[in-house]
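**Q** My structure file structure.cif, mmCIF, C-alpha atoms, is below:
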data_final
#
loop_
_atom_site.group_PDB
_atom_site.id
_atom_site.type_symbol
_atom_site.label_atom_id
_atom_site.label_comp_id
_atom_site.auth_asym_id
_atom_site.auth_seq_id
_atom_site.Cartn_x
_atom_site.Cartn_y
_atom_site.Cartn_z
ATOM 1 C CA MET A 16 -0.447 -4.726 21.569
ATOM 2 C CA HIS A 17 1.652 -7.812 20.950
ATOM 3 C CA ALA A 18 -0.711 -9.917 23.081
ATOM 4 C CA VAL A 19 2.150 -11.856 24.622
ATOM 5 C CA ARG A 20 1.842 -13.511 28.011
ATOM 6 C CA ARG A 21 4.048 -11.951 30.670
ATOM 7 C CA SER A 22 5.490 -15.388 31.490
ATOM 8 C CA LEU A 23 6.823 -15.615 27.919
ATOM 9 C CA VAL A 24 8.414 -12.167 28.115
ATOM 10 C CA GLU A 25 10.017 -13.274 31.380
ATOM 11 C CA ALA A 26 11.317 -16.396 29.597
ATOM 12 C CA GLN A 27 12.911 -14.159 26.942
ATOM 13 C CA VAL A 28 14.508 -12.083 29.686
ATOM 14 C CA GLU A 29 15.891 -15.182 31.412
ATOM 15 C CA ARG A 30 17.323 -16.488 28.121
ATOM 16 C CA THR A 31 19.000 -13.195 27.191
ATOM 17 C CA ARG A 32 20.213 -12.454 30.719
ATOM 18 C CA ILE A 33 18.961 -8.886 30.384
ATOM 19 C CA PRO A 34 17.071 -7.527 33.395
ATOM 20 C CA LEU A 35 13.388 -6.733 33.027
ATOM 21 C CA TRP A 36 11.996 -3.516 34.405
ATOM 22 C CA ALA A 37 8.261 -4.124 34.347
ATOM 23 C CA ILE A 38 6.065 -1.044 34.197
ATOM 24 C CA ASP A 39 2.487 -1.690 35.216
ATOM 25 C CA LEU A 40 0.294 0.605 33.149
ATOM 26 C CA PRO A 41 -3.217 1.428 34.310
ATOM 27 C CA TRP A 42 -6.117 0.619 31.985
ATOM 28 C CA PRO A 43 -7.106 2.801 30.389
ATOM 29 C CA CYS A 44 -3.833 4.737 30.306
ATOM 30 C CA SER A 45 -3.623 8.273 29.027
ATOM 31 C CA ASN A 46 -0.567 9.395 27.107
ATOM 32 C CA ALA A 47 0.245 11.790 29.979
ATOM 33 C CA GLU A 48 0.198 8.894 32.480
ATOM 34 C CA TYR A 49 2.345 6.785 30.140
ATOM 35 C CA GLU A 50 4.888 9.561 29.717
ATOM 36 C CA ASP A 51 5.022 10.176 33.476
ATOM 37 C CA LEU A 52 5.689 6.491 34.183
ATOM 38 C CA MET A 53 8.316 6.295 31.435
ATOM 39 C CA GLY A 54 9.960 9.457 32.792
ATOM 40 C CA GLY A 55 10.389 7.669 36.114
ATOM 41 C CA VAL A 56 12.038 4.735 34.367
ATOM 42 C CA CYS A 57 14.384 7.098 32.538
ATOM 43 C CA ARG A 58 15.396 8.696 35.851
ATOM 44 C CA ARG A 59 16.026 5.242 37.317
ATOM 45 C CA ALA A 60 18.135 4.277 34.291
ATOM 46 C CA VAL A 61 20.332 7.352 34.620
ATOM 47 C CA ALA A 62 20.685 6.768 38.380
ATOM 48 C CA GLU A 63 21.869 3.207 37.635
ATOM 49 C CA GLY A 64 24.487 4.402 35.146
ATOM 50 C CA ILE A 65 22.672 3.577 31.923
ATOM 51 C CA GLU A 66 23.650 5.980 29.150
ATOM 52 C CA GLY A 67 21.354 5.097 26.249
ATOM 53 C CA ILE A 68 18.213 3.344 25.067
ATOM 54 C CA ALA A 69 18.060 1.390 21.802
ATOM 55 C CA PHE A 70 14.888 1.347 19.695
ATOM 56 C CA GLY A 71 13.993 -1.055 16.894
ATOM 57 C CA ASP A 72 12.309 1.598 14.773
ATOM 58 C CA LEU A 73 13.010 1.285 11.063
ATOM 59 C CA PHE A 74 11.539 4.216 9.155
ATOM 60 C CA LEU A 75 8.585 5.908 10.856
ATOM 61 C CA GLU A 76 9.783 9.504 11.244
ATOM 62 C CA ASP A 77 6.962 10.523 13.608
ATOM 63 C CA ILE A 78 7.773 7.714 16.062
ATOM 64 C CA ARG A 79 11.480 8.544 15.955
ATOM 65 C CA ALA A 80 10.747 12.247 16.538
ATOM 66 C CA TYR A 81 8.508 11.337 19.509
ATOM 67 C CA ARG A 82 11.243 9.213 21.075
ATOM 68 C CA LEU A 83 13.818 11.966 20.570
ATOM 69 C CA ARG A 84 11.505 14.507 22.243
ATOM 70 C CA GLN A 85 10.767 12.197 25.164
ATOM 71 C CA LEU A 86 14.453 11.512 25.859
ATOM 72 C CA GLU A 87 15.541 15.132 25.468
ATOM 73 C CA GLY A 88 17.129 16.330 28.704
ATOM 74 C CA THR A 89 16.923 12.914 30.408
ATOM 75 C CA GLY A 90 20.648 12.151 30.167
ATOM 76 C CA LEU A 91 19.897 9.120 27.975
ATOM 77 C CA THR A 92 21.054 8.875 24.378
ATOM 78 C CA PRO A 93 18.481 7.447 21.952
ATOM 79 C CA LEU A 94 19.997 4.787 19.689
ATOM 80 C CA PHE A 95 18.442 3.548 16.438
ATOM 81 C CA PRO A 96 20.678 0.652 15.299
ATOM 82 C CA VAL A 97 18.425 -0.596 12.474
ATOM 83 C CA TRP A 98 17.114 2.792 11.353
ATOM 84 C CA GLY A 99 16.776 3.024 7.584
ATOM 85 C CA MET A 100 17.618 -0.611 6.883
ATOM 86 C CA PRO A 101 15.534 -2.065 4.040
ATOM 87 C CA THR A 102 12.964 -4.128 5.923
ATOM 88 C CA GLY A 103 12.781 -6.982 3.426
ATOM 89 C CA GLU A 104 16.533 -7.485 3.722
ATOM 90 C CA LEU A 105 16.409 -7.160 7.506
ATOM 91 C CA ALA A 106 13.630 -9.762 7.753
ATOM 92 C CA ARG A 107 15.590 -12.226 5.620
ATOM 93 C CA GLU A 108 18.777 -11.543 7.593
ATOM 94 C CA MET A 109 17.050 -12.187 10.934
ATOM 95 C CA ILE A 110 15.490 -15.424 9.688
ATOM 96 C CA ALA A 111 18.810 -16.613 8.206
ATOM 97 C CA ALA A 112 20.517 -15.845 11.530
ATOM 98 C CA GLY A 113 18.132 -18.193 13.351
ATOM 99 C CA VAL A 114 15.473 -15.883 14.733
ATOM 100 C CA LYS A 115 12.174 -17.747 15.046
ATOM 101 C CA ALA A 116 8.896 -16.036 15.863
ATOM 102 C CA LYS A 117 5.115 -16.404 15.776
ATOM 103 C CA ILE A 118 2.646 -13.788 14.546
ATOM 104 C CA THR A 119 0.684 -12.829 17.678
ATOM 105 C CA CYS A 120 -1.394 -9.908 16.423
ATOM 106 C CA VAL A 121 -2.740 -8.879 13.030
ATOM 107 C CA ASP A 122 -4.459 -5.685 11.986
ATOM 108 C CA PRO A 123 -7.109 -7.145 9.650
ATOM 109 C CA ARG A 124 -7.456 -3.794 7.859
ATOM 110 C CA ARG A 125 -3.899 -4.295 6.602
ATOM 111 C CA LEU A 126 -3.343 -8.063 6.564
ATOM 112 C CA ASP A 127 -5.670 -11.055 6.352
ATOM 113 C CA ARG A 128 -6.581 -12.592 9.704
ATOM 114 C CA SER A 129 -5.249 -15.967 8.481
ATOM 115 C CA PHE A 130 -1.730 -14.691 9.218
ATOM 116 C CA ALA A 131 -2.415 -14.708 12.994
ATOM 117 C CA GLY A 132 -0.535 -17.560 14.629
ATOM 118 C CA ARG A 133 1.670 -18.261 11.629
ATOM 119 C CA GLU A 134 5.383 -18.816 11.817
ATOM 120 C CA TYR A 135 7.416 -15.725 10.892
ATOM 121 C CA ASP A 136 9.638 -17.359 8.319
ATOM 122 C CA LEU A 137 10.859 -16.848 4.765
ATOM 123 C CA GLU A 138 7.668 -18.355 3.346
ATOM 124 C CA LEU A 139 5.576 -15.841 5.276
ATOM 125 C CA VAL A 140 7.781 -12.884 4.329
ATOM 126 C CA GLU A 141 7.579 -13.821 0.665
ATOM 127 C CA SER A 142 3.789 -14.288 0.817
ATOM 128 C CA LEU A 143 3.001 -10.869 2.274
ATOM 129 C CA PRO A 144 0.724 -8.788 0.050
ATOM 130 C CA ALA A 145 2.023 -5.643 -1.606
ATOM 131 C CA GLY A 146 2.024 -2.734 0.811
ATOM 132 C CA VAL A 147 2.577 -4.883 3.910
ATOM 133 C CA ASP A 148 5.966 -4.271 5.472
ATOM 134 C CA ALA A 149 8.124 -7.384 5.962
ATOM 135 C CA CYS A 150 8.817 -6.314 9.547
ATOM 136 C CA GLY A 151 5.295 -5.074 10.305
ATOM 137 C CA GLU A 152 6.655 -1.558 10.790
ATOM 138 C CA ASN A 153 3.290 0.052 10.037
ATOM 139 C CA GLY A 154 1.503 -2.053 12.654
ATOM 140 C CA GLU A 155 0.306 -4.674 10.177
ATOM 141 C CA PHE A 156 1.372 -7.429 12.577
ATOM 142 C CA HIS A 157 3.314 -8.082 15.778
ATOM 143 C CA THR A 158 5.416 -11.090 16.720
ATOM 144 C CA PHE A 159 6.807 -13.057 19.633
ATOM 145 C CA VAL A 160 10.409 -14.294 19.252
ATOM 146 C CA TYR A 161 10.832 -17.738 20.794
ATOM 147 C CA GLU A 162 14.295 -18.600 19.468
ATOM 148 C CA SER A 163 17.250 -16.354 18.761
ATOM 149 C CA PRO A 164 21.032 -16.537 18.618
ATOM 150 C CA THR A 165 20.983 -14.230 21.658
ATOM 151 C CA PHE A 166 18.982 -16.755 23.731
ATOM 152 C CA THR A 167 20.685 -19.372 25.877
ATOM 153 C CA ARG A 168 18.005 -21.801 24.672
ATOM 154 C CA ALA A 169 14.711 -21.733 22.751
ATOM 155 C CA ILE A 170 11.318 -21.218 24.356
ATOM 156 C CA GLU A 171 9.084 -24.147 23.431
ATOM 157 C CA VAL A 172 5.742 -22.676 22.355
ATOM 158 C CA ARG A 173 2.503 -23.581 20.633
ATOM 159 C CA THR A 174 -0.196 -21.467 19.048
ATOM 160 C CA GLY A 175 -3.580 -21.699 20.699
ATOM 161 C CA GLU A 176 -6.871 -19.904 20.256
ATOM 162 C CA ILE A 177 -7.215 -17.114 17.710
ATOM 163 C CA VAL A 178 -9.661 -14.367 18.676
ATOM 164 C CA GLU A 179 -10.773 -11.007 17.359
ATOM 165 C CA ARG A 180 -11.188 -8.085 19.762
ATOM 166 C CA ASP A 181 -10.847 -4.329 19.649
ATOM 167 C CA GLY A 182 -10.434 -4.454 15.875
ATOM 168 C CA PHE A 183 -7.401 -6.788 15.922
ATOM 169 C CA VAL A 184 -6.870 -10.534 15.520
ATOM 170 C CA PHE A 185 -4.809 -12.147 18.291
ATOM 171 C CA ALA A 186 -3.175 -15.569 18.397
ATOM 172 C CA ASP A 187 -2.549 -16.946 21.858
ATOM 173 C CA VAL A 188 0.999 -18.246 22.152
ATOM 174 C CA ASP A 189 1.839 -20.321 25.197
ATOM 175 C CA TYR A 190 4.418 -22.790 26.475
ATOM 176 C CA TRP A 191 4.495 -26.224 24.888
ATOM 177 C CA PRO A 192 4.028 -28.541 26.566
ATOM 178 C CA ILE A 193 1.897 -26.568 28.967
#
In structure tokens, how does this file's structure come out?
**A**
Amino acid sequence: MHAVRRSLVEAQVERTRIPLWAIDLPWPCSNAEYEDLMGGVCRRAVAEGIEGIAFGDLFLEDIRAYRLRQLEGTGLTPLFPVWGMPTGELAREMIAAGVKAKITCVDPRRLDRSFAGREYDLELVESLPAGVDACGENGEFHTFVYESPTFTRAIEVRTGEIVERDGFVFADVDYWPI
């Protein structure tokens, strides 16, 4: 959904020093298949001594309830560290802390396609139309973080082609220089 190249996700992993457990999903993937694969990952996590999973959900009760149901009985504690935080404040706090990101996907039913590929910065947050969440919590947009205080160094990126497919507008983000 975020339309981010795997190589860029791997660069984030390398810069945070957090291991990546890639889960190859079939296409198409039913919810039952997804839940079965995720169940296997949960079992692996418990076997490796992991006690909890943190989610970045902010206020969508149905998503939170789904996550709670899926983790019930797994031995993993669901954690929601930013739950209920006002999203406008959170967006400004992240930007002030040095998080830099690009908009990689836009739902044009909720936000103009011109936002695809833009820098996620204070100017963007303040220019969002009424009804669009500053953190894209309702799926209005998705981002790729290329610089963060948690990274050992930034990922040099550029925005490439912008395309529309499957009802969404995607901005290709890739290494710069390539």
**Q** Check what the PyMOL selection byres ((chain A and resi 38) around 12) selects in the file above and give those residues as JSON, numbers by chain.
**A** {"A": [21, 35, 36, 37, 39, 40, 41, 48, 49, 50, 51, 52, 53, 54, 55, 56, 57]}
**Q** What do you get, as a ChimeraX atom specification, if you spell out every residue that the PyMOL selection byres ((chain A and resi 104-118) around 10) selects here?
**A** /A:17-18,73,97,100-103,119-121,130-137,139-141,148-151,156-166,169-170,172-174,185-188
**Q** Can you translate the PyMOL selection byres ((chain A and resi 67) around 6) into the concrete residues it hits in this file, as a PyMOL selection string?
**A** chain A and resi 66+68+91-93
**Q** Which residue out of A:Asn46, A:Asn153, A:Ser142, A:Ser22 has the minimum interatomic distance to Ile78 (chain A) when only C-alpha atoms are used?
**A**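 Of A:Asn46, A:Asn153, A:Ser142, A:Ser22, the one nearest Ile78 (chain A) is A:Asn153, counting only C-alpha atoms.
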**Q** Just the residues within 12 Å of Phe95 (chain A), please, counting all atoms listed in the file, with nothing from its chain fewer than 4 positions along; format it as a list in words.
**A**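 The filter keeps Gly67, Ile68, Ala69, Phe70, Gly71, Asp72, Leu73, Phe74, Leu75, Glu76, Ile78, Arg79, Ala80, Arg82, Leu83, Gly99 and Met100 of chain A.
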**Q** Report, in Å to a single decimal, how far apart CA of Glu171 (chain A) and CA of Tyr190 (chain A) are.
**A** 5.7 Å
**Q** How many Å lie between CA of Arg180 (chain A) and CA of Pro192 (chain A), rounded to one decimal?
**A**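 Going from CA of Arg180 (chain A) over to CA of Pro192 (chain A), I get 26.4 Å.
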**Q** In Å, with one decimal, what is the gap from CA of Thr89 (chain A) to CA of Cys44 (chain A)?
**A**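 Here the two named atoms are 22.3 Å from each other.
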**Q** Nearest to Glu179 (chain A): which of A:Pro123, A:Pro144, A:Ile65, A:Ala26 is it, counting only C-alpha atoms?
**A**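 Of A:Pro123, A:Pro144, A:Ile65, A:Ala26, the one nearest Glu179 (chain A) is A:Pro123, counting only C-alpha atoms.
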**Q** Would you give the centre and edge lengths, in Å to one decimal, of a box along x, y and z around the listed atoms of region 52-58 of chain A, with 3 Å added to each side, as AutoDock Vina command-line options?
**A**
--center_x 10.5 --center_y 7.1 --center_z 33.8 --size_x 15.7 --size_y 10.7 --size_z 10.7
**Q** Please provide as JSON, numbers by chain all residues within 8 Å of Asp122 (chain A), with the sequence filter that same-chain residues fewer than 5 positions apart are discarded (counting only C-alpha atoms).
**A** {"A": [127, 128, 154, 155, 156, 182, 183, 184]}
**Q** How about completing region 173-190 of chain A with N, CA, C and O atoms and giving it to me as a CSV table (one decimal), in the coordinates of the input?
**A**
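Okay, selection-v1.csv is ready:
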chain,number,residue,atom,x,y,z
A,173,ARG,N,3.5,-23.1,21.6
A,173,ARG,CA,2.5,-23.6,20.6
A,173,ARG,C,1.5,-22.4,20.4
A,173,ARG,O,1.4,-21.5,21.3
A,174,THR,N,0.8,-22.5,19.3
A,174,THR,CA,-0.2,-21.5,19.0
A,174,THR,C,-1.5,-22.0,19.5
A,174,THR,O,-1.9,-23.2,19.1
A,175,GLY,N,-2.3,-21.3,20.2
A,175,GLY,CA,-3.6,-21.7,20.7
A,175,GLY,C,-4.7,-21.0,20.0
A,175,GLY,O,-4.7,-20.7,18.8
A,176,GLU,N,-5.7,-20.5,20.8
A,176,GLU,CA,-6.9,-19.9,20.3
A,176,GLU,C,-6.6,-18.6,19.5
A,176,GLU,O,-5.7,-17.8,19.9
A,177,ILE,N,-7.3,-18.4,18.5
A,177,ILE,CA,-7.2,-17.1,17.7
A,177,ILE,C,-8.5,-16.4,17.9
A,177,ILE,O,-9.6,-17.0,17.7
A,178,VAL,N,-8.5,-15.1,18.4
A,178,VAL,CA,-9.7,-14.4,18.7
A,178,VAL,C,-9.6,-13.0,18.1
A,178,VAL,O,-8.5,-12.5,17.8
A,179,GLU,N,-10.7,-12.4,17.9
A,179,GLU,CA,-10.8,-11.0,17.4
A,179,GLU,C,-11.4,-10.1,18.4
A,179,GLU,O,-12.4,-10.5,19.0
A,180,ARG,N,-10.7,-9.0,18.8
A,180,ARG,CA,-11.2,-8.1,19.8
A,180,ARG,C,-10.5,-6.7,19.5
A,180,ARG,O,-9.4,-6.6,19.1
A,181,ASP,N,-11.3,-5.7,19.8
A,181,ASP,CA,-10.8,-4.3,19.6
A,181,ASP,C,-10.3,-4.0,18.3
A,181,ASP,O,-9.4,-3.2,18.1
A,182,GLY,N,-10.8,-4.7,17.3
A,182,GLY,CA,-10.4,-4.5,15.9
A,182,GLY,C,-9.2,-5.2,15.4
A,182,GLY,O,-8.7,-4.9,14.3
A,183,PHE,N,-8.6,-6.1,16.3
A,183,PHE,CA,-7.4,-6.8,15.9
A,183,PHE,C,-7.6,-8.3,16.1
A,183,PHE,O,-8.5,-8.7,16.8
A,184,VAL,N,-6.8,-9.1,15.4
A,184,VAL,CA,-6.9,-10.5,15.5
A,184,VAL,C,-5.6,-11.0,16.3
A,184,VAL,O,-4.5,-10.7,15.9
A,185,PHE,N,-5.9,-11.7,17.4
A,185,PHE,CA,-4.8,-12.1,18.3
A,185,PHE,C,-4.7,-13.7,18.3
A,185,PHE,O,-5.7,-14.4,18.3
A,186,ALA,N,-3.5,-14.1,18.3
A,186,ALA,CA,-3.2,-15.6,18.4
A,186,ALA,C,-2.5,-15.8,19.8
A,186,ALA,O,-1.5,-15.1,20.1
A,187,ASP,N,-3.1,-16.6,20.6
A,187,ASP,CA,-2.5,-16.9,21.9
A,187,ASP,C,-1.4,-17.9,21.7
A,187,ASP,O,-1.5,-18.9,21.1
A,188,VAL,N,-0.2,-17.4,22.2
A,188,VAL,CA,1.0,-18.2,22.2
A,188,VAL,C,1.3,-18.6,23.6
A,188,VAL,O,1.3,-17.7,24.5
A,189,ASP,N,1.6,-19.9,23.8
A,189,ASP,CA,1.8,-20.3,25.2
A,189,ASP,C,2.9,-21.4,25.2
A,189,ASP,O,3.3,-21.9,24.1
A,190,TYR,N,3.4,-21.7,26.4
A,190,TYR,CA,4.4,-22.8,26.5
A,190,TYR,C,3.9,-24.1,25.9
A,190,TYR,O,2.7,-24.4,26.0
